[in-house]
Amino acid sequence: MAAIGFIWGIGGVLLLLLFAILRLAPMALALDAFPMQWGHWAALVFSVVYMAYAEGYKGFHLGFAPRLVLRARYLLSNPRPDLILFAPLFCMGYIHATRRRQFLSIGLTVMIIGFILVVRNLPQPWRGILDAGVVVGLALGVTSIVYFMVLLRFAPDRIQVAAEVPVDPQGETGAWGSNS
């Protein structure tokens with residue numbers, strides 16, 4: 001049962017990210033159908049580089065991906081039917097997380113939804129330019145999750161983020177959790 005939670009937690013998040021990549025990539029790839037001026041090209045380069053750094057490296061690689069993998073590993077030691085059923089939500093920090101983590105996860109989601117609502121109304125090539133950056137960031141995020149899964153298997157002590165699970169009344173966070 002615990003292994004199902006681990007697989008469902010990480011697999012569900014990976015499916016969500018891959019779905020987003022597949023939905024956005026056609027808009028980015030459609031840029032070749034539009035005449036691009038130097039300002040468009042500059043915006044495209046900025047979008048891709050910025051999102052690779054901000055979303056891919058800072059957001060996913062330094063925070064989300066290692067925490068996702070550690071929270072999935074937490075399920076291996078603390079299998080509860082409710083957490084296993086909602087493993088992707090658990091791994092993303094929406095449930096059974098510190099209040100701070102829940103607030104940050106929900107706040108980031110609201111911000112992303114707002115961004116989506118604004119960008120979807122932009123005309124091409126601007127929408128494709130922004131979507132290209134998001135696709136690069138999400139692809140780096142998927143790569144980071146796979147990287148941390150491999151690291152978890154071969155060098156788990158090299159993952160240096162907190163799982164951010166709540167502390168139980170005895171002051172323990174579980175075998176793999178950390179509240180720092």
# chains A, B, ... in the order shown; residues from 1 in each chain; ligands from 1
>>> residues_around(residues="Arg67 in chain A", least_positions_apart="6", cutoff="12 Å", atoms="only C-alpha atoms", output="ChimeraX atom specification")
/A:9-10,59-61,73-74,90-93,97,101,105,144-145,148-149,152,159-165,176-179
>>> write_last_selection(atoms="N, CA and C atoms", output="PDB file, in the first residue's frame")
ATOM      1  N   GLY A   9       1.836   9.350  -5.821  1.00  0.00           N
ATOM      2  CA  GLY A   9       2.190  10.726  -5.465  1.00  0.00           C
ATOM      3  C   GLY A   9       3.079  11.375  -6.508  1.00  0.00           C
ATOM      4  N   ILE A  10       4.159  10.716  -6.850  1.00  0.00           N
ATOM      5  CA  ILE A  10       5.087  11.276  -7.835  1.00  0.00           C
ATOM      6  C   ILE A  10       4.503  11.157  -9.241  1.00  0.00           C
ATOM      7  N   GLY A  59      12.490  27.370  -8.661  1.00  0.00           N
ATOM      8  CA  GLY A  59      11.219  26.827  -8.176  1.00  0.00           C
ATOM      9  C   GLY A  59      11.209  25.318  -8.059  1.00  0.00           C
ATOM     10  N   PHE A  60      11.506  24.656  -9.153  1.00  0.00           N
ATOM     11  CA  PHE A  60      11.437  23.184  -9.155  1.00  0.00           C
ATOM     12  C   PHE A  60      12.672  22.544  -8.534  1.00  0.00           C
ATOM     13  N   HIS A  61      13.856  22.851  -9.060  1.00  0.00           N
ATOM     14  CA  HIS A  61      15.048  22.104  -8.659  1.00  0.00           C
ATOM     15  C   HIS A  61      15.455  22.369  -7.214  1.00  0.00           C
ATOM     16  N   ARG A  73       8.440   9.828  -0.159  1.00  0.00           N
ATOM     17  CA  ARG A  73       9.137   8.855   0.678  1.00  0.00           C
ATOM     18  C   ARG A  73       8.511   8.778   2.065  1.00  0.00           C
ATOM     19  N   TYR A  74       8.015   9.892   2.562  1.00  0.00           N
ATOM     20  CA  TYR A  74       7.310   9.914   3.843  1.00  0.00           C
ATOM     21  C   TYR A  74       6.128   8.944   3.815  1.00  0.00           C
ATOM     22  N   PHE A  90      -0.934  15.427  -1.407  1.00  0.00           N
ATOM     23  CA  PHE A  90      -0.030  15.359  -0.264  1.00  0.00           C
ATOM     24  C   PHE A  90       1.390  15.728  -0.681  1.00  0.00           C
ATOM     25  N   CYS A  91       1.872  15.143  -1.771  1.00  0.00           N
ATOM     26  CA  CYS A  91       3.241  15.388  -2.208  1.00  0.00           C
ATOM     27  C   CYS A  91       3.465  16.840  -2.618  1.00  0.00           C
ATOM     28  N   MET A  92       2.418  17.510  -3.111  1.00  0.00           N
ATOM     29  CA  MET A  92       2.541  18.918  -3.493  1.00  0.00           C
ATOM     30  C   MET A  92       2.398  19.859  -2.298  1.00  0.00           C
ATOM     31  N   GLY A  93       2.065  19.323  -1.135  1.00  0.00           N
ATOM     32  CA  GLY A  93       1.998  20.141   0.070  1.00  0.00           C
ATOM     33  C   GLY A  93       0.658  20.776   0.351  1.00  0.00           C
ATOM     34  N   ALA A  97       0.472  19.002   5.754  1.00  0.00           N
ATOM     35  CA  ALA A  97       1.694  19.789   5.656  1.00  0.00           C
ATOM     36  C   ALA A  97       1.664  20.849   6.745  1.00  0.00           C
ATOM     37  N   ARG A 101       3.608  25.649   4.662  1.00  0.00           N
ATOM     38  CA  ARG A 101       3.691  24.959   3.373  1.00  0.00           C
ATOM     39  C   ARG A 101       2.338  24.979   2.668  1.00  0.00           C
ATOM     40  N   SER A 105       1.729  26.690  -0.899  1.00  0.00           N
ATOM     41  CA  SER A 105       1.248  25.868  -2.017  1.00  0.00           C
ATOM     42  C   SER A 105      -0.041  26.424  -2.611  1.00  0.00           C
ATOM     43  N   SER A 144      13.980  17.607 -13.027  1.00  0.00           N
ATOM     44  CA  SER A 144      14.411  17.696 -11.635  1.00  0.00           C
ATOM     45  C   SER A 144      13.760  16.631 -10.769  1.00  0.00           C
ATOM     46  N   ILE A 145      12.483  16.374 -10.996  1.00  0.00           N
ATOM     47  CA  ILE A 145      11.797  15.334 -10.213  1.00  0.00           C
ATOM     48  C   ILE A 145      12.443  13.983 -10.470  1.00  0.00           C
ATOM     49  N   PHE A 148      15.812  13.852  -8.673  1.00  0.00           N
ATOM     50  CA  PHE A 148      15.719  13.621  -7.228  1.00  0.00           C
ATOM     51  C   PHE A 148      15.207  12.228  -6.892  1.00  0.00           C
ATOM     52  N   MET A 149      14.443  11.613  -7.781  1.00  0.00           N
ATOM     53  CA  MET A 149      14.053  10.221  -7.563  1.00  0.00           C
ATOM     54  C   MET A 149      15.294   9.320  -7.634  1.00  0.00           C
ATOM     55  N   LEU A 152      17.346   9.988  -4.540  1.00  0.00           N
ATOM     56  CA  LEU A 152      16.721   9.330  -3.393  1.00  0.00           C
ATOM     57  C   LEU A 152      17.140   7.870  -3.311  1.00  0.00           C
ATOM     58  N   ILE A 159      19.824  15.143  -0.430  1.00  0.00           N
ATOM     59  CA  ILE A 159      18.624  15.973  -0.583  1.00  0.00           C
ATOM     60  C   ILE A 159      18.496  16.811   0.685  1.00  0.00           C
ATOM     61  N   GLN A 160      18.640  18.122   0.531  1.00  0.00           N
ATOM     62  CA  GLN A 160      18.775  19.003   1.683  1.00  0.00           C
ATOM     63  C   GLN A 160      17.603  19.940   1.937  1.00  0.00           C
ATOM     64  N   VAL A 161      16.387  19.539   1.596  1.00  0.00           N
ATOM     65  CA  VAL A 161      15.219  20.365   1.910  1.00  0.00           C
ATOM     66  C   VAL A 161      14.373  19.640   2.943  1.00  0.00           C
ATOM     67  N   ALA A 162      13.465  20.356   3.561  1.00  0.00           N
ATOM     68  CA  ALA A 162      12.568  19.766   4.542  1.00  0.00           C
ATOM     69  C   ALA A 162      11.310  19.236   3.854  1.00  0.00           C
ATOM     70  N   ALA A 163      10.804  18.117   4.357  1.00  0.00           N
ATOM     71  CA  ALA A 163       9.559  17.555   3.828  1.00  0.00           C
ATOM     72  C   ALA A 163       8.350  18.388   4.250  1.00  0.00           C
ATOM     73  N   GLU A 164       8.497  19.137   5.331  1.00  0.00           N
ATOM     74  CA  GLU A 164       7.454  20.024   5.856  1.00  0.00           C
ATOM     75  C   GLU A 164       6.154  19.291   6.152  1.00  0.00           C
ATOM     76  N   VAL A 165       6.265  18.219   6.907  1.00  0.00           N
ATOM     77  CA  VAL A 165       5.077  17.540   7.414  1.00  0.00           C
ATOM     78  C   VAL A 165       4.852  18.006   8.844  1.00  0.00           C
ATOM     79  N   TRP A 176      10.913  10.069   7.946  1.00  0.00           N
ATOM     80  CA  TRP A 176      11.609  10.812   6.896  1.00  0.00           C
ATOM     81  C   TRP A 176      11.290  12.297   6.915  1.00  0.00           C
ATOM     82  N   GLY A 177      10.421  12.733   7.790  1.00  0.00           N
ATOM     83  CA  GLY A 177      10.020  14.137   7.764  1.00  0.00           C
ATOM     84  C   GLY A 177      11.001  15.019   8.498  1.00  0.00           C
ATOM     85  N   SER A 178      10.936  16.281   8.210  1.00  0.00           N
ATOM     86  CA  SER A 178      11.703  17.294   8.891  1.00  0.00           C
ATOM     87  C   SER A 178      10.821  18.524   8.948  1.00  0.00           C
ATOM     88  N   ASN A 179      10.835  19.212  10.039  1.00  0.00           N
ATOM     89  CA  ASN A 179       9.973  20.368  10.192  1.00  0.00           C
ATOM     90  C   ASN A 179      10.743  21.670  10.080  1.00  0.00           C
TER      91      ASN A 179
END
>>> residues_around(residues="Val142 in chain A", least_positions_apart="4", cutoff="12 Å", atoms="only C-alpha atoms", output="ChimeraX atom specification")
/A:10-21,55-57,59-61,64-66,68-69,135-138,146-149
>>> select_by_dssp(residues="range 62-136 of chain A", states="alpha helix (DSSP H)", output="compact mmCIF listing (two decimals) with C-alpha atoms, in the first residue's frame")
# COMPACT_ATOMS: atom_id res chain seq x y z
CA ALA A 65 11.13 18.59 -6.77
CA PRO A 66 13.21 17.53 -3.74
CA ARG A 67 10.30 18.24 -1.36
CA LEU A 68 7.92 16.26 -3.60
CA VAL A 69 10.24 13.24 -3.54
CA LEU A 70 10.79 13.47 0.24
CA ARG A 71 7.07 13.75 0.88
CA ALA A 72 6.50 10.70 -1.35
CA ARG A 73 9.14 8.85 0.68
CA TYR A 74 7.31 9.91 3.84
CA LEU A 75 4.31 7.94 2.54
CA LEU A 76 6.46 4.80 2.46
CA SER A 77 7.00 5.03 6.23
CA PRO A 81 -5.32 5.42 3.42
CA ASP A 82 -6.35 9.08 3.14
CA LEU A 83 -2.82 10.23 2.29
CA ILE A 84 -2.34 7.41 -0.21
CA LEU A 85 -5.66 8.22 -1.91
CA ALA A 87 -0.95 11.25 -2.64
CA PRO A 88 -0.38 13.84 -5.41
CA LEU A 89 -2.05 16.53 -3.26
CA PHE A 90 -0.03 15.36 -0.26
CA CYS A 91 3.24 15.39 -2.21
CA ARG A 99 0.51 25.61 7.79
CA ARG A 100 3.29 27.57 6.12
CA ARG A 101 3.69 24.96 3.37
CA GLN A 102 -0.08 24.77 2.80
CA PHE A 103 -0.32 28.55 2.58
CA LEU A 104 2.60 28.73 0.13
CA SER A 105 1.25 25.87 -2.02
CA ILE A 106 -2.25 27.35 -2.23
CA GLY A 107 -0.92 30.87 -2.78
CA LEU A 108 1.34 29.72 -5.61
CA THR A 109 -1.56 27.84 -7.21
CA VAL A 110 -3.79 30.93 -7.10
CA MET A 111 -0.99 32.98 -8.65
CA ILE A 112 -0.47 30.40 -11.43
CA ILE A 113 -4.21 30.32 -12.19
CA GLY A 114 -4.23 34.12 -12.41
CA PHE A 115 -1.24 34.01 -14.77
CA ILE A 116 -2.99 31.43 -16.94
CA LEU A 117 -6.15 33.54 -17.16
CA VAL A 118 -4.15 36.58 -18.29
CA VAL A 119 -1.86 34.76 -20.75
CA TRP A 126 3.01 37.02 -27.28
CA ARG A 127 1.14 34.02 -25.93
CA GLY A 128 3.52 31.63 -27.68
CA ILE A 129 6.52 33.57 -26.35
CA LEU A 130 5.33 33.20 -22.75
CA ASP A 131 4.22 29.61 -23.30
CA ALA A 132 7.70 28.74 -24.64
CA GLY A 133 9.24 29.90 -21.36
CA VAL A 134 6.69 27.99 -19.30
CA VAL A 135 7.27 24.81 -21.32
CA VAL A 136 11.02 25.07 -20.72
>>> closest_residue(among="A:Asn78, A:Gln124, A:Ile7, A:Gly39", to="Pro26 in chain A", atoms="only C-alpha atoms")
A:Gln124
>>> residues_around(residues="Phe86 in chain A", least_positions_apart="6", cutoff="9 Å", atoms="only C-alpha atoms", output="list in words")
Gly5, Trp8, Gly9 and Ile95 of chain A
>>> atom_distance(atom1="CA of Leu122 in chain A", atom2="CA of Leu44 in chain A")
14.5 Å
>>> atom_distance(atom1="CA of Ala54 in chain A", atom2="CA of Ala30 in chain A")
23.9 Å
>>> closest_residue(among="A:Arg158, A:Arg153, A:Met51, A:Pro79", to="Ala2 in chain A", atoms="only C-alpha atoms")
A:Pro79
>>> atom_distance(atom1="CA of Tyr53 in chain A", atom2="CA of Pro156 in chain A")
24.3 Å
>>> closest_residue(among="A:Gly141, A:Phe34, A:Met27, A:Pro125", to="Leu62 in chain A", atoms="only C-alpha atoms")
A:Gly141
